[in-house]
$ cat run.tsv   # TSV, N, CA and C atoms
chain	number	residue	atom	x	y	z
X	115	MET	N	0.82	-1.20	0.00
X	115	MET	CA	0.00	0.00	0.00
X	115	MET	C	0.87	1.26	0.00
X	116	LEU	N	1.79	1.37	0.94
X	116	LEU	CA	2.58	2.60	1.05
X	116	LEU	C	3.56	2.77	-0.10
X	117	LYS	N	4.00	1.69	-0.69
X	117	LYS	CA	4.96	1.81	-1.79
X	117	LYS	C	4.29	2.24	-3.08
X	118	GLU	N	2.99	2.12	-3.16
X	118	GLU	CA	2.24	2.56	-4.33
X	118	GLU	C	1.65	3.93	-4.01
X	119	THR	N	2.36	4.97	-4.36
X	119	THR	CA	2.01	6.32	-3.93
X	119	THR	C	1.24	7.12	-4.97
X	120	ASP	N	0.90	6.51	-6.09
X	120	ASP	CA	0.24	7.25	-7.16
X	120	ASP	C	-1.12	7.81	-6.76
X	121	CYS	N	-1.77	7.22	-5.78
X	121	CYS	CA	-3.11	7.68	-5.40
X	121	CYS	C	-3.07	8.91	-4.48
X	122	PHE	N	-1.89	9.32	-4.01
X	122	PHE	CA	-1.80	10.46	-3.09
X	122	PHE	C	-1.35	11.71	-3.84
X	123	GLN	N	-2.08	12.80	-3.62
X	123	GLN	CA	-1.68	14.08	-4.20
X	123	GLN	C	-0.72	14.82	-3.26
X	124	HIS	N	-0.90	14.63	-1.96
X	124	HIS	CA	-0.04	15.27	-0.97
X	124	HIS	C	0.39	14.23	0.06
X	125	ILE	N	1.63	14.33	0.50
X	125	ILE	CA	2.17	13.44	1.53
X	125	ILE	C	2.87	14.32	2.55
X	126	TYR	N	2.41	14.26	3.80
X	126	TYR	CA	3.00	15.06	4.87
X	126	TYR	C	3.53	14.13	5.95
X	127	ILE	N	4.70	14.47	6.49
X	127	ILE	CA	5.21	13.72	7.63
X	127	ILE	C	5.34	14.67	8.81
X	128	ARG	N	5.15	14.13	9.97
X	128	ARG	CA	5.39	14.88	11.21
X	128	ARG	C	6.79	14.49	11.66
X	129	THR	N	7.67	15.45	11.75
X	129	THR	CA	9.07	15.14	12.04
X	129	THR	C	9.35	14.97	13.52
X	130	VAL	N	8.53	15.55	14.39
X	130	VAL	CA	8.74	15.37	15.82
X	130	VAL	C	8.15	14.02	16.24
X	131	TYR	N	8.56	13.55	17.41
X	131	TYR	CA	8.07	12.25	17.89
X	131	TYR	C	6.56	12.29	18.07
X	132	THR	N	5.91	11.20	17.67
X	132	THR	CA	4.47	11.05	17.83
X	132	THR	C	4.21	9.81	18.66
X	133	ASP	N	3.27	9.89	19.58
X	133	ASP	CA	2.87	8.73	20.37
X	133	ASP	C	2.08	7.80	19.46
X	134	LEU	N	2.66	6.69	19.09
X	134	LEU	CA	2.01	5.77	18.15
X	134	LEU	C	0.89	4.95	18.80
X	135	ARG	N	0.63	5.18	20.06
X	135	ARG	CA	-0.53	4.56	20.68
X	135	ARG	C	-1.82	5.25	20.25
X	136	LEU	N	-1.67	6.45	19.66
X	136	LEU	CA	-2.84	7.20	19.18
X	136	LEU	C	-3.50	6.45	18.04
X	137	GLY	N	-4.81	6.53	18.02
X	137	GLY	CA	-5.58	5.94	16.94
X	137	GLY	C	-6.00	7.01	15.93
X	138	ILE	N	-7.05	6.72	15.19
X	138	ILE	CA	-7.50	7.63	14.15
X	138	ILE	C	-7.86	9.00	14.72
X	139	ASP	N	-8.66	9.03	15.78
X	139	ASP	CA	-9.11	10.31	16.34
X	139	ASP	C	-7.94	11.11	16.90
X	140	GLY	N	-7.02	10.45	17.59
X	140	GLY	CA	-5.87	11.13	18.16
X	140	GLY	C	-4.94	11.70	17.10
X	141	LEU	N	-4.67	10.93	16.07
X	141	LEU	CA	-3.81	11.41	14.99
X	141	LEU	C	-4.50	12.52	14.19
X	142	ALA	N	-5.81	12.41	14.02
X	142	ALA	CA	-6.55	13.49	13.34
X	142	ALA	C	-6.45	14.78	14.15
X	143	ALA	N	-6.51	14.67	15.47
X	143	ALA	CA	-6.37	15.86	16.32
X	143	ALA	C	-4.97	16.46	16.20
X	144	VAL	N	-3.94	15.62	16.10
X	144	VAL	CA	-2.57	16.11	15.90
X	144	VAL	C	-2.47	16.87	14.58
X	145	ILE	N	-3.05	16.32	13.55
X	145	ILE	CA	-3.02	16.96	12.24
X	145	ILE	C	-3.71	18.32	12.30
X	146	ARG	N	-4.86	18.35	12.93
X	146	ARG	CA	-5.66	19.57	13.01
X	146	ARG	C	-5.00	20.63	13.88
X	147	GLU	N	-4.55	20.24	15.07
X	147	GLU	CA	-4.03	21.20	16.04
X	147	GLU	C	-2.58	21.58	15.79
X	148	ASP	N	-1.71	20.60	15.60
X	148	ASP	CA	-0.29	20.89	15.45
X	148	ASP	C	0.08	21.35	14.05
X	149	GLN	N	-0.55	20.75	13.06
X	149	GLN	CA	-0.16	21.04	11.69
X	149	GLN	C	-1.08	22.06	11.01
X	150	GLY	N	-2.22	22.33	11.61
X	150	GLY	CA	-3.15	23.28	11.01
X	150	GLY	C	-3.76	22.80	9.70
X	151	ARG	N	-3.86	21.49	9.53
X	151	ARG	CA	-4.37	20.91	8.29
X	151	ARG	C	-5.71	20.22	8.56
X	152	ASN	N	-6.41	19.92	7.50
X	152	ASN	CA	-7.66	19.19	7.57
X	152	ASN	C	-7.36	17.71	7.47
X	153	PRO	N	-7.59	16.92	8.52
X	153	PRO	CA	-7.27	15.49	8.46
X	153	PRO	C	-8.20	14.70	7.53
X	154	PHE	N	-9.26	15.32	7.06
X	154	PHE	CA	-10.21	14.65	6.18
X	154	PHE	C	-10.10	15.13	4.74
X	155	GLU	N	-8.90	15.48	4.36
X	155	GLU	CA	-8.60	15.91	3.00
X	155	GLU	C	-8.33	14.65	2.16
X	156	LYS	N	-9.12	14.46	1.12
X	156	LYS	CA	-8.98	13.27	0.28
X	156	LYS	C	-7.63	13.28	-0.43
X	157	THR	N	-7.14	12.11	-0.73
X	157	THR	CA	-5.88	11.86	-1.45
X	157	THR	C	-4.66	12.45	-0.75
X	158	THR	N	-4.74	12.59	0.58
X	158	THR	CA	-3.61	13.10	1.36
X	158	THR	C	-3.21	12.05	2.38
X	159	LEU	N	-1.92	11.76	2.42
X	159	LEU	CA	-1.36	10.80	3.37
X	159	LEU	C	-0.57	11.56	4.43
X	160	TYR	N	-0.87	11.28	5.69
X	160	TYR	CA	-0.13	11.84	6.82
X	160	TYR	C	0.64	10.71	7.48
X	161	LEU	N	1.94	10.90	7.68
X	161	LEU	CA	2.78	9.86	8.28
X	161	LEU	C	3.36	10.33	9.60
X	162	PHE	N	3.47	9.38	10.54
X	162	PHE	CA	3.96	9.66	11.89
X	162	PHE	C	4.96	8.59	12.30
X	163	CYS	N	5.93	8.98	13.12
X	163	CYS	CA	6.92	8.04	13.63
X	163	CYS	C	7.14	8.33	15.11
X	164	GLY	N	7.25	7.28	15.90
X	164	GLY	CA	7.51	7.43	17.32
X	164	GLY	C	9.00	7.40	17.61
X	165	ARG	N	9.35	7.11	18.85
X	165	ARG	CA	10.76	7.03	19.23
X	165	ARG	C	11.45	5.82	18.61
X	166	ARG	N	10.72	4.75	18.47
X	166	ARG	CA	11.27	3.56	17.82
X	166	ARG	C	11.07	3.70	16.33
X	167	THR	N	12.15	3.87	15.62
X	167	THR	CA	12.05	4.20	14.19
X	167	THR	C	11.93	2.98	13.28
X	168	ASP	N	11.54	1.86	13.86
X	168	ASP	CA	11.29	0.69	13.01
X	168	ASP	C	9.80	0.56	12.67
X	169	ARG	N	9.01	1.55	13.09
X	169	ARG	CA	7.57	1.50	12.82
X	169	ARG	C	7.02	2.90	12.58
X	170	ILE	N	6.03	2.97	11.71
X	170	ILE	CA	5.37	4.23	11.40
X	170	ILE	C	3.87	4.00	11.30
X	171	LYS	N	3.11	5.07	11.43
X	171	LYS	CA	1.67	5.04	11.21
X	171	LYS	C	1.33	6.06	10.14
X	172	GLY	N	0.29	5.75	9.42
X	172	GLY	CA	-0.21	6.67	8.40
X	172	GLY	C	-1.70	6.83	8.54
X	173	LEU	N	-2.19	7.99	8.15
X	173	LEU	CA	-3.62	8.26	8.19
X	173	LEU	C	-4.04	8.81	6.84
X	174	VAL	N	-5.08	8.19	6.27
X	174	VAL	CA	-5.61	8.58	4.97
X	174	VAL	C	-7.12	8.65	5.11
X	175	TYR	N	-7.70	9.70	4.54
X	175	TYR	CA	-9.17	9.78	4.51
X	175	TYR	C	-9.64	9.34	3.13
X	176	GLU	N	-10.55	8.38	3.12
X	176	GLU	CA	-11.17	7.94	1.88
X	176	GLU	C	-12.61	8.41	1.89
X	177	GLU	N	-13.32	8.21	0.82
X	177	GLU	CA	-14.69	8.73	0.71
X	177	GLU	C	-15.64	8.20	1.78
X	178	ASP	N	-15.39	7.01	2.26
X	178	ASP	CA	-16.31	6.43	3.23
X	178	ASP	C	-15.75	6.39	4.66
X	179	GLY	N	-14.59	6.98	4.90
X	179	GLY	CA	-14.03	7.01	6.25
X	179	GLY	C	-12.51	7.07	6.24
X	180	SER	N	-11.95	6.99	7.42
X	180	SER	CA	-10.49	7.09	7.58
X	180	SER	C	-9.85	5.72	7.59
X	181	LEU	N	-8.63	5.68	7.09
X	181	LEU	CA	-7.84	4.45	7.05
X	181	LEU	C	-6.58	4.67	7.86
X	182	LEU	N	-6.33	3.80	8.84
X	182	LEU	CA	-5.14	3.87	9.67
X	182	LEU	C	-4.16	2.81	9.19
X	183	LEU	N	-2.97	3.23	8.83
X	183	LEU	CA	-1.93	2.32	8.33
X	183	LEU	C	-0.86	2.16	9.40
X	184	TYR	N	-0.32	0.97	9.52
X	184	TYR	CA	0.75	0.71	10.48
X	184	TYR	C	1.78	-0.16	9.79
X	185	LYS	N	3.02	0.28	9.80
X	185	LYS	CA	4.07	-0.52	9.18
X	185	LYS	C	5.22	-0.67	10.15
X	186	ARG	N	5.65	-1.90	10.35
X	186	ARG	CA	6.83	-2.20	11.16
X	186	ARG	C	7.76	-3.02	10.30
X	187	ILE	N	8.98	-2.51	10.13
X	187	ILE	CA	9.93	-3.25	9.30
X	187	ILE	C	10.67	-4.26	10.16
X	188	ALA	N	11.06	-5.36	9.54
X	188	ALA	CA	11.67	-6.47	10.28
X	188	ALA	C	13.14	-6.21	10.61
X	189	ILE	N	13.85	-5.57	9.70
X	189	ILE	CA	15.29	-5.34	9.90
X	189	ILE	C	15.58	-3.87	9.64
X	190	GLY	N	16.33	-3.24	10.53
X	190	GLY	CA	16.73	-1.85	10.34
X	190	GLY	C	15.72	-0.87	10.90
X	191	HIS	N	15.79	0.36	10.41
X	191	HIS	CA	14.87	1.40	10.85
X	191	HIS	C	14.76	2.47	9.76
X	192	PHE	N	13.71	3.28	9.88
X	192	PHE	CA	13.50	4.37	8.95
X	192	PHE	C	14.45	5.50	9.30
X	193	GLN	N	14.97	6.19	8.30
X	193	GLN	CA	15.81	7.37	8.49
X	193	GLN	C	14.90	8.58	8.61
X	194	TRP	N	14.17	8.65	9.72
X	194	TRP	CA	13.14	9.67	9.89
X	194	TRP	C	13.77	11.00	10.28
X	195	PRO	N	13.48	12.06	9.54
X	195	PRO	CA	14.04	13.37	9.88
X	195	PRO	C	13.46	13.88	11.19
X	196	ARG	N	14.29	14.50	12.03
X	196	ARG	CA	13.86	14.99	13.34
X	196	ARG	C	14.27	16.45	13.51
X	197	HIS	N	13.52	17.35	12.91
X	197	HIS	CA	13.79	18.77	13.06
X	197	HIS	C	12.65	19.40	13.83
X	198	GLU	N	12.77	20.65	14.12
X	198	GLU	CA	11.76	21.35	14.90
X	198	GLU	C	10.46	21.56	14.15
X	199	GLU	N	10.48	21.57	12.85
X	199	GLU	CA	9.26	21.80	12.09
X	199	GLU	C	8.27	20.68	12.39
X	200	GLU	N	7.01	21.06	12.51
X	200	GLU	CA	5.97	20.08	12.84
X	200	GLU	C	5.63	19.17	11.65
X	201	ALA	N	5.63	19.73	10.45
X	201	ALA	CA	5.22	18.93	9.30
X	201	ALA	C	6.05	19.30	8.09
X	202	ARG	N	6.25	18.32	7.26
X	202	ARG	CA	6.96	18.54	6.00
X	202	ARG	C	6.22	17.80	4.91
X	203	GLU	N	6.27	18.38	3.72
X	203	GLU	CA	5.63	17.74	2.59
X	203	GLU	C	6.67	16.98	1.79
X	204	LEU	N	6.32	15.77	1.41
X	204	LEU	CA	7.22	14.94	0.62
X	204	LEU	C	6.67	14.73	-0.76
X	205	SER	N	7.55	14.53	-1.70
X	205	SER	CA	7.13	14.09	-3.03
X	205	SER	C	6.94	12.58	-2.99
X	206	LYS	N	6.33	12.03	-3.99
X	206	LYS	CA	6.14	10.58	-4.07
X	206	LYS	C	7.48	9.86	-4.14
X	207	GLU	N	8.42	10.46	-4.84
X	207	GLU	CA	9.75	9.86	-4.98
X	207	GLU	C	10.48	9.86	-3.64
X	208	THR	N	10.36	10.95	-2.89
X	208	THR	CA	11.01	11.05	-1.58
X	208	THR	C	10.41	10.05	-0.61
X	209	LEU	N	9.09	9.86	-0.66
X	209	LEU	CA	8.46	8.86	0.20
X	209	LEU	C	9.00	7.47	-0.12
X	210	SER	N	9.15	7.16	-1.39
X	210	SER	CA	9.70	5.85	-1.77
X	210	SER	C	11.11	5.66	-1.21
X	211	LEU	N	11.93	6.71	-1.27
X	211	LEU	CA	13.28	6.63	-0.70
X	211	LEU	C	13.24	6.41	0.80
X	212	LEU	N	12.37	7.14	1.47
X	212	LEU	CA	12.24	7.00	2.93
X	212	LEU	C	11.83	5.58	3.31
X	213	LEU	N	10.86	5.03	2.59
X	213	LEU	CA	10.37	3.68	2.89
X	213	LEU	C	11.41	2.61	2.57
X	214	GLU	N	12.35	2.93	1.71
X	214	GLU	CA	13.42	1.99	1.38
X	214	GLU	C	14.61	2.13	2.31
X	215	GLY	N	14.55	3.07	3.26
X	215	GLY	CA	15.60	3.19	4.26
X	215	GLY	C	16.62	4.28	4.01
X	216	PHE	N	16.44	5.06	2.96
X	216	PHE	CA	17.39	6.13	2.67
X	216	PHE	C	17.09	7.37	3.51
X	217	SER	N	18.11	8.15	3.79
X	217	SER	CA	17.93	9.43	4.46
X	217	SER	C	17.42	10.43	3.42
X	218	VAL	N	16.43	11.19	3.80
X	218	VAL	CA	15.80	12.10	2.84
X	218	VAL	C	15.88	13.55	3.31
X	219	GLU	N	16.77	13.86	4.21
X	219	GLU	CA	16.87	15.20	4.79
X	219	GLU	C	16.93	16.31	3.75
X	220	LYS	N	17.73	16.17	2.73
X	220	LYS	CA	17.93	17.26	1.78
X	220	LYS	C	16.86	17.31	0.70
X	221	THR	N	16.00	16.31	0.63
X	221	THR	CA	14.99	16.29	-0.41
X	221	THR	C	13.61	16.67	0.09
X	222	ILE	N	13.48	16.96	1.37
X	222	ILE	CA	12.17	17.29	1.93
X	222	ILE	C	11.96	18.80	1.86
X	223	ARG	N	10.79	19.19	1.42
X	223	ARG	CA	10.44	20.60	1.37
X	223	ARG	C	9.78	21.01	2.67
X	224	LYS	N	10.14	22.18	3.19
X	224	LYS	CA	9.53	22.71	4.40
X	224	LYS	C	8.08	23.05	4.09
X	225	PHE	N	7.19	22.72	4.99
X	225	PHE	CA	5.77	22.96	4.84
X	225	PHE	C	5.31	24.00	5.85
X	226	THR	N	4.64	25.03	5.39
X	226	THR	CA	4.08	26.04	6.27
X	226	THR	C	2.57	25.97	6.14
X	227	PRO	N	1.87	25.58	7.21
X	227	PRO	CA	0.42	25.43	7.10
X	227	PRO	C	-0.27	26.78	6.96
X	228	ASP	N	-1.38	26.78	6.25
X	228	ASP	CA	-2.24	27.96	6.13
X	228	ASP	C	-3.24	27.91	7.27
X	229	ARG	N	-3.00	28.68	8.27
X	229	ARG	CA	-3.90	28.69	9.44
X	229	ARG	C	-5.07	29.62	9.19
X	230	LEU	N	-6.24	29.20	9.66
X	230	LEU	CA	-7.46	30.01	9.48
X	230	LEU	C	-7.61	30.96	10.64

$ encode --input "run.tsv" --output "structure tokens"
Amino acid sequence: MLKETDCFQHIYIRTVYTDLRLGIDGLAAVIREDQGRNPFEKTTLYLFCGRRTDRIKGLVYEEDGSLLLYKRIAIGHFQWPRHEEEARELSKETLSLLLEGFSVEKTIRKFTPDRL
């Protein structure tokens, strides 16, 4: 699912640590409050990583509800960027690199949310 990124128009990651015990409602609140984004935006993938970088969660809104994704890799860990910015937008190519274990620090664009 995550390696096939053609269905996503926007991909955002939260670079600070996220409590992965959060479910759909908790992650939607993080998106809304911390990132200033609409968690129910179609074709948008939001990714989160906790302190253990061998697992990530994703949240996607589809027409009939939200989809919570959880991925734990068997060997190694994700090269998750950890800067002060709350959210960053990734290209589809950058997401593929991240999921394959590459560091993507220089390829991530800074995201500034439009607050209402």

$ closest_residue --input "run.tsv" --among "X:Asn152, X:Thr167, X:Thr157, X:Thr129" --to "X:Ile189" --atoms "only C-alpha atoms"
X:Thr167

$ atom_distance --input "run.tsv" --atom1 "atom N of X:Glu203" --atom2 "atom N of X:Arg186"
21.3 Å

$ atom_distance --input "run.tsv" --atom1 "atom CA of X:His197" --atom2 "atom CA of X:Lys185"
21.9 Å

$ closest_residue --input "run.tsv" --among "X:Gly150, X:Phe162, X:Asp120, X:Lys156" --to "X:Arg135" --atoms "only C-alpha atoms"
X:Phe162

$ atom_distance --input "run.tsv" --atom1 "atom CA of X:Leu159" --atom2 "atom C of X:Phe192"
17.7 Å

$ closest_residue --input "run.tsv" --among "X:Glu177, X:Asp168, X:Glu147, X:Asp139" --to "X:Leu212" --atoms "only C-alpha atoms"
X:Asp168

$ residues_around --input "run.tsv" --residues "X:Leu134" --least-positions-apart "5" --cutoff "7 Å" --atoms "all atoms listed in the file" --output "ChimeraX atom specification"
/X:163-165,171

$ select_by_dssp --input "run.tsv" --residues "stretch 117-184 of chain X" --states "helix (DSSP H, G or I)" --output "short mmCIF file (atom, residue, chain, number, x, y, z; two decimals) with N, CA and C atoms, in the frame of the given file"
data_model
loop_
_atom_site.label_atom_id
_atom_site.label_comp_id
_atom_site.auth_asym_id
_atom_site.auth_seq_id
_atom_site.Cartn_x
_atom_site.Cartn_y
_atom_site.Cartn_z
N ILE X 138 -7.05 6.72 15.19
CA ILE X 138 -7.50 7.63 14.15
C ILE X 138 -7.86 9.00 14.72
N ASP X 139 -8.66 9.03 15.78
CA ASP X 139 -9.11 10.31 16.34
C ASP X 139 -7.94 11.11 16.90
N GLY X 140 -7.02 10.45 17.59
CA GLY X 140 -5.87 11.13 18.16
C GLY X 140 -4.94 11.70 17.10
N LEU X 141 -4.67 10.93 16.07
CA LEU X 141 -3.81 11.41 14.99
C LEU X 141 -4.50 12.52 14.19
N ALA X 142 -5.81 12.41 14.02
CA ALA X 142 -6.55 13.49 13.34
C ALA X 142 -6.45 14.78 14.15
N ALA X 143 -6.51 14.67 15.47
CA ALA X 143 -6.37 15.86 16.32
C ALA X 143 -4.97 16.46 16.20
N VAL X 144 -3.94 15.62 16.10
CA VAL X 144 -2.57 16.11 15.90
C VAL X 144 -2.47 16.87 14.58
N ILE X 145 -3.05 16.32 13.55
CA ILE X 145 -3.02 16.96 12.24
C ILE X 145 -3.71 18.32 12.30
N ARG X 146 -4.86 18.35 12.93
CA ARG X 146 -5.66 19.57 13.01
C ARG X 146 -5.00 20.63 13.88
N GLU X 147 -4.55 20.24 15.07
CA GLU X 147 -4.03 21.20 16.04
C GLU X 147 -2.58 21.58 15.79
N ASP X 148 -1.71 20.60 15.60
CA ASP X 148 -0.29 20.89 15.45
C ASP X 148 0.08 21.35 14.05
#

$ closest_residue --input "run.tsv" --among "X:Tyr160, X:Leu182, X:Tyr175, X:Arg151" --to "X:Ile138" --atoms "only C-alpha atoms"
X:Leu182

$ residues_around --input "run.tsv" --residues "X:Glu176" --least-positions-apart "2" --cutoff "8 Å" --atoms "only N, CA and C atoms" --output "mmCIF file with N, CA and C atoms, in the frame of the given file"
data_model
loop_
_atom_site.group_PDB
_atom_site.id
_atom_site.type_symbol
_atom_site.label_atom_id
_atom_site.label_comp_id
_atom_site.auth_asym_id
_atom_site.auth_seq_id
_atom_site.Cartn_x
_atom_site.Cartn_y
_atom_site.Cartn_z
ATOM 1 N N PHE X 154 -9.260 15.320 7.060
ATOM 2 C CA PHE X 154 -10.210 14.650 6.180
ATOM 3 C C PHE X 154 -10.100 15.130 4.740
ATOM 4 N N GLU X 155 -8.900 15.480 4.360
ATOM 5 C CA GLU X 155 -8.600 15.910 3.000
ATOM 6 C C GLU X 155 -8.330 14.650 2.160
ATOM 7 N N LYS X 156 -9.120 14.460 1.120
ATOM 8 C CA LYS X 156 -8.980 13.270 0.280
ATOM 9 C C LYS X 156 -7.630 13.280 -0.430
ATOM 10 N N THR X 157 -7.140 12.110 -0.730
ATOM 11 C CA THR X 157 -5.880 11.860 -1.450
ATOM 12 C C THR X 157 -4.660 12.450 -0.750
ATOM 13 N N THR X 158 -4.740 12.590 0.580
ATOM 14 C CA THR X 158 -3.610 13.100 1.360
ATOM 15 C C THR X 158 -3.210 12.050 2.380
ATOM 16 N N LEU X 173 -2.190 7.990 8.150
ATOM 17 C CA LEU X 173 -3.620 8.260 8.190
ATOM 18 C C LEU X 173 -4.040 8.810 6.840
ATOM 19 N N VAL X 174 -5.080 8.190 6.270
ATOM 20 C CA VAL X 174 -5.610 8.580 4.970
ATOM 21 C C VAL X 174 -7.120 8.650 5.110
ATOM 22 N N ASP X 178 -15.390 7.010 2.260
ATOM 23 C CA ASP X 178 -16.310 6.430 3.230
ATOM 24 C C ASP X 178 -15.750 6.390 4.660
ATOM 25 N N GLY X 179 -14.590 6.980 4.900
ATOM 26 C CA GLY X 179 -14.030 7.010 6.250
ATOM 27 C C GLY X 179 -12.510 7.070 6.240
ATOM 28 N N SER X 180 -11.950 6.990 7.420
ATOM 29 C CA SER X 180 -10.490 7.090 7.580
ATOM 30 C C SER X 180 -9.850 5.720 7.590
ATOM 31 N N LEU X 181 -8.630 5.680 7.090
ATOM 32 C CA LEU X 181 -7.840 4.450 7.050
ATOM 33 C C LEU X 181 -6.580 4.670 7.860
#

$ closest_residue --input "run.tsv" --among "X:Gly137, X:Pro153, X:Ile127, X:Ile187" --to "X:Arg169" --atoms "only N, CA and C atoms"
X:Ile187

$ residues_near_point --input "run.tsv" --point "(4.1, 5.0, 5.2)" --cutoff "8 Å" --atoms "only C-alpha atoms" --output "NGL selection string"
:X and (116-117 or 161 or 170-172 or 183-185 or 209 or 213)
